[in-house]
file upload.cif (mmCIF, C-alpha atoms)
data_structure
loop_
_atom_site.group_PDB
_atom_site.id
_atom_site.type_symbol
_atom_site.label_atom_id
_atom_site.label_comp_id
_atom_site.auth_asym_id
_atom_site.auth_seq_id
_atom_site.Cartn_x
_atom_site.Cartn_y
_atom_site.Cartn_z
ATOM 1 C CA ASP A 464 -7.813 -31.466 2.143
ATOM 2 C CA SER A 465 -6.669 -29.434 5.150
ATOM 3 C CA GLN A 466 -3.158 -30.847 5.284
ATOM 4 C CA HIS A 467 -0.187 -28.664 4.431
ATOM 5 C CA THR A 468 2.479 -29.628 1.945
ATOM 6 C CA ASN A 469 6.005 -29.515 3.375
ATOM 7 C CA GLU A 470 8.928 -27.615 1.903
ATOM 8 C CA GLN A 471 10.804 -30.662 0.686
ATOM 9 C CA ASP A 472 7.781 -31.908 -1.257
ATOM 10 C CA THR A 473 7.221 -28.461 -2.746
ATOM 11 C CA LEU A 474 10.835 -28.151 -3.857
ATOM 12 C CA LEU A 475 10.716 -31.643 -5.405
ATOM 13 C CA LEU A 476 7.479 -30.792 -7.219
ATOM 14 C CA TYR A 477 9.007 -27.593 -8.601
ATOM 15 C CA THR A 478 12.088 -29.495 -9.793
ATOM 16 C CA LEU A 479 9.946 -32.109 -11.546
ATOM 17 C CA ILE A 480 7.509 -29.793 -13.345
ATOM 18 C CA GLN A 481 10.205 -27.278 -14.268
ATOM 19 C CA GLY A 482 12.681 -29.882 -15.497
ATOM 20 C CA ASN A 483 10.514 -32.685 -16.887
ATOM 21 C CA VAL A 484 7.775 -31.955 -19.437
ATOM 22 C CA ASN A 485 6.370 -35.483 -19.054
ATOM 23 C CA VAL A 486 5.764 -35.056 -15.325
ATOM 24 C CA LYS A 487 4.165 -31.678 -15.946
ATOM 25 C CA ALA A 488 1.909 -33.146 -18.654
ATOM 26 C CA PHE A 489 0.919 -36.021 -16.348
ATOM 27 C CA LEU A 490 -0.021 -33.662 -13.508
ATOM 28 C CA LEU A 491 -2.007 -31.400 -15.810
ATOM 29 C CA SER A 492 -3.951 -34.384 -17.138
ATOM 30 C CA ARG A 493 -5.113 -35.418 -13.662
ATOM 31 C CA THR A 494 -8.809 -35.041 -12.829
ATOM 32 C CA ASP A 495 -8.032 -34.793 -9.103
ATOM 33 C CA ILE A 496 -5.447 -32.028 -9.308
ATOM 34 C CA GLU A 497 -7.107 -30.311 -6.342
ATOM 35 C CA ARG A 498 -5.457 -32.942 -4.118
ATOM 36 C CA MET A 499 -2.101 -31.383 -5.013
ATOM 37 C CA LEU A 500 -3.333 -27.802 -5.286
ATOM 38 C CA MET A 501 -5.360 -27.301 -2.098
ATOM 39 C CA PRO A 502 -2.564 -28.157 0.404
ATOM 40 C CA MET A 503 -0.295 -25.658 -1.376
ATOM 41 C CA LEU A 504 -2.981 -22.975 -1.268
ATOM 42 C CA HIS A 505 -3.383 -23.681 2.445
ATOM 43 C CA VAL A 506 0.300 -22.891 2.962
ATOM 44 C CA VAL A 507 0.059 -19.607 1.038
ATOM 45 C CA TYR A 508 -3.113 -18.707 2.951
ATOM 46 C CA GLU A 509 -1.258 -19.185 6.247
ATOM 47 C CA ALA A 510 1.970 -17.645 4.965
ATOM 48 C CA GLU A 511 2.892 -16.169 8.344
ATOM 49 C CA LEU A 512 3.295 -19.718 9.705
ATOM 50 C CA HIS A 513 5.680 -20.796 6.949
ATOM 51 C CA SER A 514 8.971 -19.676 5.465
ATOM 52 C CA THR A 515 9.042 -17.005 2.768
ATOM 53 C CA HIS A 516 10.995 -19.406 0.541
ATOM 54 C CA HIS A 517 8.214 -21.971 0.798
ATOM 55 C CA MET A 518 5.593 -19.442 -0.266
ATOM 56 C CA TYR A 519 7.753 -18.251 -3.179
ATOM 57 C CA MET A 520 8.183 -21.803 -4.430
ATOM 58 C CA ILE A 521 4.431 -22.434 -4.359
ATOM 59 C CA LEU A 522 3.679 -19.173 -6.184
ATOM 60 C CA ILE A 523 6.204 -20.123 -8.868
ATOM 61 C CA ILE A 524 4.519 -23.528 -9.244
ATOM 62 C CA LEU A 525 1.137 -21.792 -9.568
ATOM 63 C CA LEU A 526 2.540 -19.500 -12.255
ATOM 64 C CA ILE A 527 3.850 -22.512 -14.178
ATOM 65 C CA LEU A 528 0.522 -24.366 -13.899
ATOM 66 C CA THR A 529 -1.682 -21.392 -14.808
ATOM 67 C CA HIS A 530 0.238 -20.952 -18.048
ATOM 68 C CA ASP A 531 -1.657 -24.038 -19.256
ATOM 69 C CA ASP A 532 -5.128 -23.199 -20.642
ATOM 70 C CA HIS A 533 -6.611 -26.597 -19.783
ATOM 71 C CA PHE A 534 -5.559 -26.226 -16.152
ATOM 72 C CA SER A 535 -6.912 -22.670 -15.922
ATOM 73 C CA SER A 536 -10.274 -23.744 -17.314
ATOM 74 C CA TYR A 537 -10.590 -27.073 -15.516
ATOM 75 C CA ILE A 538 -10.005 -25.728 -11.997
ATOM 76 C CA HIS A 539 -13.067 -23.475 -12.413
ATOM 77 C CA ASP A 540 -15.176 -26.568 -13.187
ATOM 78 C CA GLN A 541 -14.079 -28.423 -10.055
ATOM 79 C CA VAL A 542 -16.580 -27.554 -7.324
ATOM 80 C CA LEU A 543 -15.512 -28.181 -3.742
ATOM 81 C CA GLY A 544 -17.817 -28.961 -0.836
ATOM 82 C CA THR A 545 -16.207 -26.758 1.805
ATOM 83 C CA VAL A 546 -12.808 -25.224 2.514
ATOM 84 C CA SER A 547 -12.291 -25.718 6.238
ATOM 85 C CA TRP A 548 -9.112 -23.630 6.568
ATOM 86 C CA TYR A 549 -10.512 -20.475 4.968
ATOM 87 C CA LYS A 550 -11.459 -18.284 7.944
ATOM 88 C CA GLU A 551 -12.848 -15.040 6.459
ATOM 89 C CA ARG A 552 -16.184 -16.701 5.767
ATOM 90 C CA THR A 553 -17.678 -20.130 5.189
ATOM 91 C CA LEU A 554 -17.029 -21.259 1.640
ATOM 92 C CA THR A 555 -19.376 -23.804 0.111
ATOM 93 C CA ASN A 556 -19.909 -24.829 -3.503
ATOM 94 C CA ILE A 557 -16.883 -22.879 -4.662
ATOM 95 C CA SER A 558 -14.548 -24.036 -7.387
ATOM 96 C CA THR A 559 -10.880 -24.861 -6.907
ATOM 97 C CA GLY A 560 -10.158 -21.965 -9.255
ATOM 98 C CA GLY A 561 -12.214 -19.663 -7.050
ATOM 99 C CA VAL A 562 -10.154 -20.620 -3.999
ATOM 100 C CA LEU A 563 -6.951 -20.073 -5.982
ATOM 101 C CA VAL A 564 -8.104 -16.558 -6.942
ATOM 102 C CA LEU A 565 -9.055 -15.770 -3.320
ATOM 103 C CA VAL A 566 -5.686 -16.906 -1.972
ATOM 104 C CA ILE A 567 -3.778 -14.898 -4.574
ATOM 105 C CA LEU A 568 -5.849 -11.782 -3.830
ATOM 106 C CA ARG A 569 -5.206 -12.185 -0.119
ATOM 107 C CA THR A 570 -1.476 -12.559 -0.773
ATOM 108 C CA ILE A 571 -1.413 -9.350 -2.829
ATOM 109 C CA GLN A 572 -3.294 -7.468 -0.104
ATOM 110 C CA THR A 573 -1.017 -8.758 2.669
ATOM 111 C CA ASN A 574 2.072 -7.978 0.617
ATOM 112 C CA MET A 575 0.917 -4.395 0.068
ATOM 113 C CA THR A 576 0.642 -3.743 3.789
ATOM 114 C CA LYS A 577 3.492 -5.846 5.209
ATOM 115 C CA MET A 578 6.183 -7.279 2.945
ATOM 116 C CA ARG A 579 5.990 -4.828 0.016
ATOM 117 C CA ASP A 580 7.806 -7.294 -2.237
ATOM 118 C CA LYS A 581 7.511 -6.325 -5.905
ATOM 119 C CA TYR A 582 8.556 -9.815 -7.067
ATOM 120 C CA LEU A 583 5.661 -11.318 -5.102
ATOM 121 C CA HIS A 584 3.190 -8.889 -6.690
ATOM 122 C CA THR A 585 4.512 -9.728 -10.138
ATOM 123 C CA ASN A 586 4.105 -13.487 -9.682
ATOM 124 C CA CYS A 587 0.610 -13.209 -8.183
ATOM 125 C CA LEU A 588 -0.688 -10.856 -10.869
ATOM 126 C CA ALA A 589 0.903 -12.966 -13.612
ATOM 127 C CA ALA A 590 -0.933 -16.072 -12.347
ATOM 128 C CA LEU A 591 -4.255 -14.162 -12.308
ATOM 129 C CA ALA A 592 -3.553 -12.822 -15.793
ATOM 130 C CA ASN A 593 -2.794 -16.324 -17.100
ATOM 131 C CA MET A 594 -6.181 -17.534 -15.852
ATOM 132 C CA SER A 595 -8.202 -14.456 -16.851
ATOM 133 C CA SER A 596 -9.263 -15.621 -20.320
ATOM 134 C CA LYS A 597 -10.605 -18.820 -18.713
ATOM 135 C CA PHE A 598 -12.384 -17.265 -15.733
ATOM 136 C CA HIS A 599 -15.908 -18.657 -15.534
ATOM 137 C CA SER A 600 -18.689 -19.465 -13.088
ATOM 138 C CA PHE A 601 -17.245 -17.220 -10.381
ATOM 139 C CA HIS A 602 -18.661 -17.592 -6.884
ATOM 140 C CA PRO A 603 -20.212 -14.197 -5.928
ATOM 141 C CA TYR A 604 -17.749 -13.863 -3.050
ATOM 142 C CA VAL A 605 -14.779 -14.293 -5.407
ATOM 143 C CA ALA A 606 -16.019 -11.566 -7.767
ATOM 144 C CA GLU A 607 -16.690 -9.285 -4.801
ATOM 145 C CA LYS A 608 -13.171 -9.780 -3.423
ATOM 146 C CA VAL A 609 -11.581 -9.098 -6.821
ATOM 147 C CA LEU A 610 -13.349 -5.736 -7.115
ATOM 148 C CA ASN A 611 -12.869 -4.838 -3.443
ATOM 149 C CA LEU A 612 -9.110 -5.232 -3.739
ATOM 150 C CA PHE A 613 -9.067 -3.265 -6.982
ATOM 151 C CA VAL A 614 -11.045 -0.429 -5.354
ATOM 152 C CA THR A 615 -8.659 -0.406 -2.370
ATOM 153 C CA ILE A 616 -5.626 -0.137 -4.672
ATOM 154 C CA VAL A 617 -7.221 2.615 -6.772
ATOM 155 C CA LYS A 618 -8.105 4.655 -3.682
ATOM 156 C CA LYS A 619 -4.572 4.285 -2.347
ATOM 157 C CA TYR A 620 -3.173 5.339 -5.712
ATOM 158 C CA SER A 621 -5.480 8.370 -5.979
ATOM 159 C CA LYS A 622 -4.689 9.517 -2.450
ATOM 160 C CA MET A 623 -0.934 9.204 -3.000
ATOM 161 C CA ARG A 624 -1.088 10.909 -6.396
ATOM 162 C CA ASN A 625 -3.138 13.827 -5.057
ATOM 163 C CA SER A 626 -0.771 14.172 -2.127
ATOM 164 C CA LEU A 627 2.254 14.355 -4.399
ATOM 165 C CA LEU A 628 0.503 16.868 -6.641
ATOM 166 C CA GLY A 629 -0.453 18.949 -3.617
ATOM 167 C CA VAL A 630 -4.191 18.403 -4.157
ATOM 168 C CA GLY A 631 -6.296 18.371 -0.995
ATOM 169 C CA ARG A 632 -5.317 19.189 2.549
ATOM 170 C CA GLU A 633 -3.060 16.260 3.383
ATOM 171 C CA PRO A 634 0.636 17.085 3.191
ATOM 172 C CA ALA A 635 2.904 14.861 1.145
ATOM 173 C CA PRO A 636 4.136 11.883 3.197
ATOM 174 C CA ASP A 637 7.587 11.886 4.714
ATOM 175 C CA ASN A 638 10.331 10.206 2.624
ATOM 176 C CA THR A 639 11.886 11.440 -0.591
ATOM 177 C CA ALA A 640 9.900 12.412 -3.667
ATOM 178 C CA GLU A 641 11.761 9.688 -5.582
ATOM 179 C CA TYR A 642 10.526 7.057 -3.101
ATOM 180 C CA TRP A 643 6.878 8.070 -3.442
ATOM 181 C CA GLU A 644 7.139 8.389 -7.208
ATOM 182 C CA SER A 645 8.448 4.820 -7.258
ATOM 183 C CA GLU A 646 5.533 3.699 -5.023
ATOM 184 C CA LEU A 647 3.093 5.490 -7.313
ATOM 185 C CA GLU A 648 4.607 3.790 -10.356
ATOM 186 C CA THR A 649 4.246 0.378 -8.693
ATOM 187 C CA LEU A 650 0.573 1.022 -7.913
ATOM 188 C CA GLU A 651 0.041 2.247 -11.464
ATOM 189 C CA ASP A 652 1.509 -1.005 -12.802
ATOM 190 C CA ILE A 653 -0.777 -3.038 -10.529
ATOM 191 C CA ILE A 654 -3.877 -1.080 -11.594
ATOM 192 C CA ARG A 655 -2.957 -1.463 -15.246
ATOM 193 C CA MET A 656 -2.535 -5.214 -14.789
ATOM 194 C CA PHE A 657 -5.952 -5.485 -13.111
ATOM 195 C CA LEU A 658 -7.520 -3.556 -16.004
ATOM 196 C CA GLU A 659 -5.841 -5.919 -18.471
ATOM 197 C CA ILE A 660 -7.228 -8.872 -16.484
ATOM 198 C CA PHE A 661 -10.756 -7.397 -16.613
ATOM 199 C CA ASN A 662 -10.362 -6.802 -20.361
ATOM 200 C CA SER A 663 -9.163 -10.338 -20.955
ATOM 201 C CA SER A 664 -12.049 -11.815 -18.986
ATOM 202 C CA ILE A 665 -14.651 -9.643 -20.762
ATOM 203 C CA CYS A 666 -13.259 -10.438 -24.219
ATOM 204 C CA TYR A 667 -12.666 -14.163 -23.847
ATOM 205 C CA SER A 668 -14.981 -15.421 -21.089
ATOM 206 C CA GLY A 669 -17.479 -12.653 -20.312
ATOM 207 C CA LYS A 670 -20.417 -14.800 -21.434
ATOM 208 C CA ASN A 671 -19.457 -17.415 -18.856
ATOM 209 C CA ASN A 672 -18.878 -15.030 -15.981
ATOM 210 C CA PRO A 673 -21.938 -12.809 -15.398
ATOM 211 C CA VAL A 674 -21.167 -12.552 -11.676
ATOM 212 C CA LEU A 675 -17.909 -10.704 -12.419
ATOM 213 C CA LEU A 676 -19.794 -8.368 -14.791
ATOM 214 C CA TYR A 677 -22.309 -7.703 -12.024
ATOM 215 C CA GLU A 678 -19.525 -6.618 -9.666
ATOM 216 C CA LEU A 679 -17.876 -4.488 -12.370
ATOM 217 C CA LEU A 680 -21.229 -2.792 -12.936
ATOM 218 C CA HIS A 681 -21.769 -2.346 -9.207
ATOM 219 C CA LYS A 682 -18.372 -0.620 -8.883
ATOM 220 C CA ARG A 683 -18.579 1.231 -12.201
ATOM 221 C CA ASP A 684 -17.851 4.646 -10.649
ATOM 222 C CA ILE A 685 -14.286 3.586 -9.798
ATOM 223 C CA PHE A 686 -13.478 3.367 -13.526
ATOM 224 C CA LEU A 687 -14.789 6.806 -14.534
ATOM 225 C CA PRO A 688 -11.612 8.830 -13.736
ATOM 226 C CA PHE A 689 -9.563 6.432 -15.872
ATOM 227 C CA GLN A 690 -11.300 7.481 -19.092
ATOM 228 C CA THR A 691 -9.080 10.569 -19.294
ATOM 229 C CA HIS A 692 -6.045 9.125 -17.519
ATOM 230 C CA PRO A 693 -3.158 8.716 -19.998
ATOM 231 C CA ALA A 694 -1.906 5.538 -18.318
ATOM 232 C CA PHE A 695 -5.268 3.742 -18.308
ATOM 233 C CA SER A 696 -7.590 5.223 -20.962
ATOM 234 C CA ASP A 697 -6.761 2.556 -23.575
ATOM 235 C CA LEU A 698 -7.819 -0.205 -21.180
ATOM 236 C CA ILE A 699 -11.137 1.379 -20.221
ATOM 237 C CA ILE A 700 -12.726 1.269 -23.688
ATOM 238 C CA ASN A 701 -14.008 -2.324 -23.537
ATOM 239 C CA ILE A 702 -14.997 -2.102 -19.885
ATOM 240 C CA GLU A 703 -17.009 1.086 -20.420
ATOM 241 C CA SER A 704 -18.498 -0.256 -23.641
ATOM 242 C CA ILE A 705 -20.143 -3.277 -22.046
ATOM 243 C CA LEU A 706 -20.942 -1.561 -18.724
ATOM 244 C CA GLY A 707 -22.548 1.354 -20.568
ATOM 245 C CA TYR A 708 -24.653 -1.040 -22.618
ATOM 246 C CA LEU A 709 -25.689 -2.965 -19.479
ATOM 247 C CA THR A 710 -26.629 0.288 -17.755
ATOM 248 C CA THR A 711 -28.850 1.292 -20.693
ATOM 249 C CA LYS A 712 -30.611 -2.081 -20.639
ATOM 250 C CA LEU A 713 -31.158 -1.866 -16.877
ATOM 251 C CA GLU A 714 -32.589 1.651 -17.193
ATOM 252 C CA GLU A 715 -35.021 0.358 -19.807
ATOM 253 C CA LYS A 716 -35.997 -2.449 -17.444
ATOM 254 C CA THR A 717 -36.519 0.015 -14.605
ATOM 255 C CA GLU A 718 -38.757 2.186 -16.796
ATOM 256 C CA ASP A 719 -40.804 -0.859 -17.813
ATOM 257 C CA GLN A 720 -41.273 -2.000 -14.222
ATOM 258 C CA GLY A 721 -41.680 1.479 -12.768
ATOM 259 C CA ALA A 722 -39.465 0.589 -9.801
ATOM 260 C CA SER A 723 -35.914 -0.332 -8.928
ATOM 261 C CA VAL A 724 -34.842 -3.773 -10.086
ATOM 262 C CA SER A 725 -33.750 -6.595 -7.776
ATOM 263 C CA VAL A 726 -30.356 -8.297 -7.789
ATOM 264 C CA ASN A 727 -31.898 -11.336 -9.470
ATOM 265 C CA CYS A 728 -33.381 -9.099 -12.161
ATOM 266 C CA VAL A 729 -29.993 -7.421 -12.737
ATOM 267 C CA MET A 730 -28.368 -10.828 -13.119
ATOM 268 C CA GLU A 731 -31.050 -11.877 -15.611
ATOM 269 C CA VAL A 732 -30.407 -8.752 -17.677
ATOM 270 C CA ILE A 733 -26.630 -9.355 -17.611
ATOM 271 C CA GLU A 734 -27.038 -12.990 -18.657
ATOM 272 C CA GLU A 735 -29.366 -11.975 -21.492
ATOM 273 C CA VAL A 736 -27.064 -9.187 -22.678
ATOM 274 C CA VAL A 737 -23.893 -11.300 -22.732
ATOM 275 C CA ARG A 738 -25.657 -13.957 -24.793
ATOM 276 C CA GLN A 739 -26.594 -11.383 -27.424
ATOM 277 C CA TRP A 740 -23.579 -9.085 -27.152
ATOM 278 C CA PRO A 741 -21.849 -8.896 -30.563
ATOM 279 C CA ALA A 742 -18.181 -9.767 -30.164
ATOM 280 C CA ASP A 743 -17.115 -7.209 -32.767
ATOM 281 C CA ARG A 744 -18.184 -4.368 -30.461
ATOM 282 C CA LEU A 745 -15.180 -5.106 -28.268
ATOM 283 C CA GLN A 746 -11.603 -4.291 -29.128
ATOM 284 C CA LYS A 747 -9.817 -7.615 -29.148
ATOM 285 C CA THR A 748 -6.944 -7.733 -26.707
ATOM 286 C CA PRO A 749 -4.037 -10.168 -26.943
ATOM 287 C CA LEU A 750 -4.187 -13.192 -24.686
ATOM 288 C CA LEU A 751 -2.370 -12.546 -21.419
ATOM 289 C CA LYS A 752 0.304 -15.179 -20.964
ATOM 290 C CA PHE A 753 3.211 -14.980 -18.549
ATOM 291 C CA GLU A 754 5.750 -17.755 -18.444
ATOM 292 C CA TYR A 755 8.071 -18.496 -15.558
ATOM 293 C CA VAL A 756 11.720 -18.137 -16.480
ATOM 294 C CA GLU A 757 14.469 -18.976 -14.018
ATOM 295 C CA GLU A 758 16.885 -16.238 -13.058
ATOM 296 C CA GLN A 759 20.280 -16.198 -14.782
ATOM 297 C CA ARG A 760 21.878 -17.579 -11.616
ATOM 298 C CA PRO A 761 19.172 -19.729 -9.974
ATOM 299 C CA GLU A 762 21.819 -21.307 -7.742
ATOM 300 C CA ASP A 763 22.021 -18.059 -5.776
ATOM 301 C CA PHE A 764 18.530 -18.836 -4.494
ATOM 302 C CA PHE A 765 18.400 -22.622 -4.586
ATOM 303 C CA LEU A 766 21.752 -23.637 -3.061
ATOM 304 C CA PRO A 767 21.266 -21.788 0.235
ATOM 305 C CA TYR A 768 17.650 -22.928 0.317
ATOM 306 C CA ILE A 769 18.495 -26.607 -0.250
ATOM 307 C CA TRP A 770 21.229 -26.503 2.383
ATOM 308 C CA THR A 771 18.857 -24.820 4.820
ATOM 309 C CA LEU A 772 16.365 -27.650 4.311
ATOM 310 C CA LEU A 773 19.104 -30.250 4.747
ATOM 311 C CA PHE A 774 20.293 -28.557 7.914
ATOM 312 C CA SER A 775 16.767 -28.392 9.350
ATOM 313 C CA ASN A 776 15.419 -31.791 8.331
ATOM 314 C CA SER A 777 18.286 -34.281 8.037
ATOM 315 C CA ASN A 778 18.272 -35.243 11.758
ATOM 316 C CA LEU A 779 22.054 -34.971 11.712
ATOM 317 C CA TYR A 780 24.169 -32.909 14.069
ATOM 318 C CA TRP A 781 25.711 -29.857 12.421
ATOM 319 C CA ASP A 782 28.315 -27.678 14.079
ATOM 320 C CA THR A 783 26.964 -24.289 13.031
ATOM 321 C CA SER A 784 30.261 -22.533 13.776
ATOM 322 C CA ARG A 785 31.954 -24.541 11.026
ATOM 323 C CA ILE A 786 29.307 -24.135 8.307
ATOM 324 C CA THR A 787 30.425 -22.080 5.325
ATOM 325 C CA LEU A 788 28.314 -21.802 2.198
ATOM 326 C CA LYS A 789 29.899 -20.591 -1.013
ATOM 327 C CA VAL A 790 27.766 -19.882 -4.055
#

call {"tool": "encode", "arguments": {"input": "upload.cif", "output": "structure tokens"}}
result
Amino acid sequence: DSQHTNEQDTLLLYTLIQGNVNVKAFLLSRTDIERMLMPMLHVVYEAELHSTHHMYMILIILLILTHDDHFSSYIHDQVLGTVSWYKERTLTNISTGGVLVLVILRTIQTNMTKMRDKYLHTNCLAALANMSSKFHSFHPYVAEKVLNLFVTIVKKYSKMRNSLLGVGREPAPDNTAEYWESELETLEDIIRMFLEIFNSSICYSGKNNPVLLYELLHKRDIFLPFQTHPAFSDLIINIESILGYLTTKLEEKTEDQGASVSVNCVMEVIEEVVRQWPADRLQKTPLLKFEYVEEQRPEDFFLPYIWTLLFSNSNLYWDTSRITLKV
């Protein structure tokens, strides 16, 4: 479905699923939930054409929905034909869950370069974390985009950290030390969340997601510095454990064949290893679950927003010089 959802519909949907457990249960039981989901993802994908409030509301709805395990699993089973509005490349035979992951990743990347809104980062990463234990059957492009964004963030973090420590030739950026320390802390939080997401996926759904393991293995070098990093070392243990084991198995395969192995051969090895991998070799991590909680004074956000929608869509004449909004 290439149609957008409008702001009034989105606000009504939020009100219903946040305030009525029966409506939420009904929506989550639907087998055609992509009819509701895809128009919202289209809006987030084309965020520059829509209001910031509209995008925030959709991301909150996604956070609420992804808190449900059935939803997070089911959307990865729903395979779509094509996604006409996705412009980066042609998407075919990709799951609804795969499109959701792609749109969230794109939002994080755009936010890092343009809006720099920490609240937006938090919501996007929380939705990914909620789904992580149910990730399965990733499209290769989805797995590639996950790791590409992670690599980009790590490189940005390393460059900024080295600059602040005076390592390398680049001088520290302009702005106060406090500002850049705050930026570094934000990036550190994002990296840690990604590592927790990888851990969750490996522990709870690794056997069903060999494509993600392939990409983790392909980008293994990016994790090496974290083994001795105090902020990340605890989250590297499981990742290095399974990637190290996969590497050993691939080296054995290479020795047997006497040549480099193909991508298909690597995938076969990964699929064989994850079937036999003993679960007790991984350190169990707690399930990642983030629940949406309204702010203490939600009216500070919602009252101006509702009145803005009324002003814009009621087809009534409003004398703007006499409008006063008190919250």

call {"tool": "residues_around", "arguments": {"input": "upload.cif", "residues": "region 743-745 of chain A", "least_positions_apart": "4", "cutoff": "9 Å", "atoms": "all atoms listed in the file", "output": "list in words"}}
result
Ile665, Cys666, Ile700, Asn701, Ile702, Ser704 and Ile705 of chain A

call {"tool": "resolve_selection", "arguments": {"input": "upload.cif", "expression": "the PyMOL selection byres ((chain A and resi 710) around 12)", "output": "list in words"}}
result
Leu676, Tyr677, Leu679, Leu680, His681, Arg683, Glu703, Ser704, Ile705, Leu706, Gly707, Tyr708, Leu709, Thr711, Lys712, Leu713, Glu714, Glu715, Lys716, Thr717, Val724, Val729, Val732, Ile733 and Val736 of chain A

call {"tool": "write_last_selection", "arguments": {"input": "upload.cif", "atoms": "C-alpha atoms", "output": "mmCIF file, keeping the file's coordinate frame"}}
result
data_model
loop_
_atom_site.group_PDB
_atom_site.id
_atom_site.type_symbol
_atom_site.label_atom_id
_atom_site.label_comp_id
_atom_site.auth_asym_id
_atom_site.auth_seq_id
_atom_site.Cartn_x
_atom_site.Cartn_y
_atom_site.Cartn_z
ATOM 1 C CA LEU A 676 -19.794 -8.368 -14.791
ATOM 2 C CA TYR A 677 -22.309 -7.703 -12.024
ATOM 3 C CA LEU A 679 -17.876 -4.488 -12.370
ATOM 4 C CA LEU A 680 -21.229 -2.792 -12.936
ATOM 5 C CA HIS A 681 -21.769 -2.346 -9.207
ATOM 6 C CA ARG A 683 -18.579 1.231 -12.201
ATOM 7 C CA GLU A 703 -17.009 1.086 -20.420
ATOM 8 C CA SER A 704 -18.498 -0.256 -23.641
ATOM 9 C CA ILE A 705 -20.143 -3.277 -22.046
ATOM 10 C CA LEU A 706 -20.942 -1.561 -18.724
ATOM 11 C CA GLY A 707 -22.548 1.354 -20.568
ATOM 12 C CA TYR A 708 -24.653 -1.040 -22.618
ATOM 13 C CA LEU A 709 -25.689 -2.965 -19.479
ATOM 14 C CA THR A 711 -28.850 1.292 -20.693
ATOM 15 C CA LYS A 712 -30.611 -2.081 -20.639
ATOM 16 C CA LEU A 713 -31.158 -1.866 -16.877
ATOM 17 C CA GLU A 714 -32.589 1.651 -17.193
ATOM 18 C CA GLU A 715 -35.021 0.358 -19.807
ATOM 19 C CA LYS A 716 -35.997 -2.449 -17.444
ATOM 20 C CA THR A 717 -36.519 0.015 -14.605
ATOM 21 C CA VAL A 724 -34.842 -3.773 -10.086
ATOM 22 C CA VAL A 729 -29.993 -7.421 -12.737
ATOM 23 C CA VAL A 732 -30.407 -8.752 -17.677
ATOM 24 C CA ILE A 733 -26.630 -9.355 -17.611
ATOM 25 C CA VAL A 736 -27.064 -9.187 -22.678
#

call {"tool": "atom_distance", "arguments": {"input": "upload.cif", "atom1": "CA of Leu779 (chain A)", "atom2": "CA of Asp472 (chain A)"}}
result
19.5 Å

call {"tool": "resolve_selection", "arguments": {"input": "upload.cif", "expression": "the PyMOL selection byres ((chain A and resi 524) around 9)", "output": "VMD selection string"}}
result
chain A and resid 473 476 to 477 480 to 481 519 to 523 525 to 529 755

call {"tool": "write_last_selection", "arguments": {"input": "upload.cif", "atoms": "C-alpha atoms", "output": "compact mmCIF listing (two decimals), in the frame of the given file"}}
result
# COMPACT_ATOMS: atom_id res chain seq x y z
CA THR A 473 7.22 -28.46 -2.75
CA LEU A 476 7.48 -30.79 -7.22
CA TYR A 477 9.01 -27.59 -8.60
CA ILE A 480 7.51 -29.79 -13.34
CA GLN A 481 10.20 -27.28 -14.27
CA TYR A 519 7.75 -18.25 -3.18
CA MET A 520 8.18 -21.80 -4.43
CA ILE A 521 4.43 -22.43 -4.36
CA LEU A 522 3.68 -19.17 -6.18
CA ILE A 523 6.20 -20.12 -8.87
CA LEU A 525 1.14 -21.79 -9.57
CA LEU A 526 2.54 -19.50 -12.26
CA ILE A 527 3.85 -22.51 -14.18
CA LEU A 528 0.52 -24.37 -13.90
CA THR A 529 -1.68 -21.39 -14.81
CA TYR A 755 8.07 -18.50 -15.56

call {"tool": "closest_residue", "arguments": {"input": "upload.cif", "among": "A:Thr515, A:Ser664, A:Thr783, A:Ser595", "to": "Thr570 (chain A)", "atoms": "all atoms listed in the file"}}
result
A:Thr515

call {"tool": "closest_residue", "arguments": {"input": "upload.cif", "among": "A:Glu644, A:Leu750, A:Met499, A:Leu568", "to": "Lys608 (chain A)", "atoms": "only C-alpha atoms"}}
result
A:Leu568

call {"tool": "closest_residue", "arguments": {"input": "upload.cif", "among": "A:Ser775, A:Ser668, A:Thr494, A:Gln759", "to": "Ile538 (chain A)", "atoms": "all atoms listed in the file"}}
result
A:Thr494

call {"tool": "atom_distance", "arguments": {"input": "upload.cif", "atom1": "CA of Gly482 (chain A)", "atom2": "CA of Met518 (chain A)"}}
result
19.8 Å

call {"tool": "closest_atom_pairs", "arguments": {"input": "upload.cif", "of": "region 571-676 of chain A", "to": "region 539-551 of chain A", "cutoff": "8 Å", "atoms": "all atoms listed in the file", "output": "CSV"}}
result
residue,atom,partner,partner_atom,distance
A:Phe598,CA,A:His539,CA,7.1
A:His599,CA,A:His539,CA,6.4
A:Ser600,CA,A:His539,CA,6.9
A:Phe601,CA,A:His539,CA,7.8

call {"tool": "closest_residue", "arguments": {"input": "upload.cif", "among": "A:Thr748, A:Thr787, A:Asn611, A:Gln572", "to": "Ser596 (chain A)", "atoms": "only C-alpha atoms"}}
result
A:Thr748

call {"tool": "axis_aligned_box", "arguments": {"input": "upload.cif", "around": "region 694-707 of chain A", "padding_each_side": "4 Å", "output": "lines of an AutoDock Vina configuration file"}}
result
center_x = -12.2
center_y = 1.1
center_z = -21.0
size_x = 28.6
size_y = 16.8
size_z = 13.4

call {"tool": "atom_distance", "arguments": {"input": "upload.cif", "atom1": "CA of Ser696 (chain A)", "atom2": "CA of Ser645 (chain A)"}}
result
21.1 Å

call {"tool": "closest_residue", "arguments": {"input": "upload.cif", "among": "A:Pro767, A:Leu554, A:Glu754, A:Val674", "to": "Thr585 (chain A)", "atoms": "all atoms listed in the file"}}
result
A:Glu754
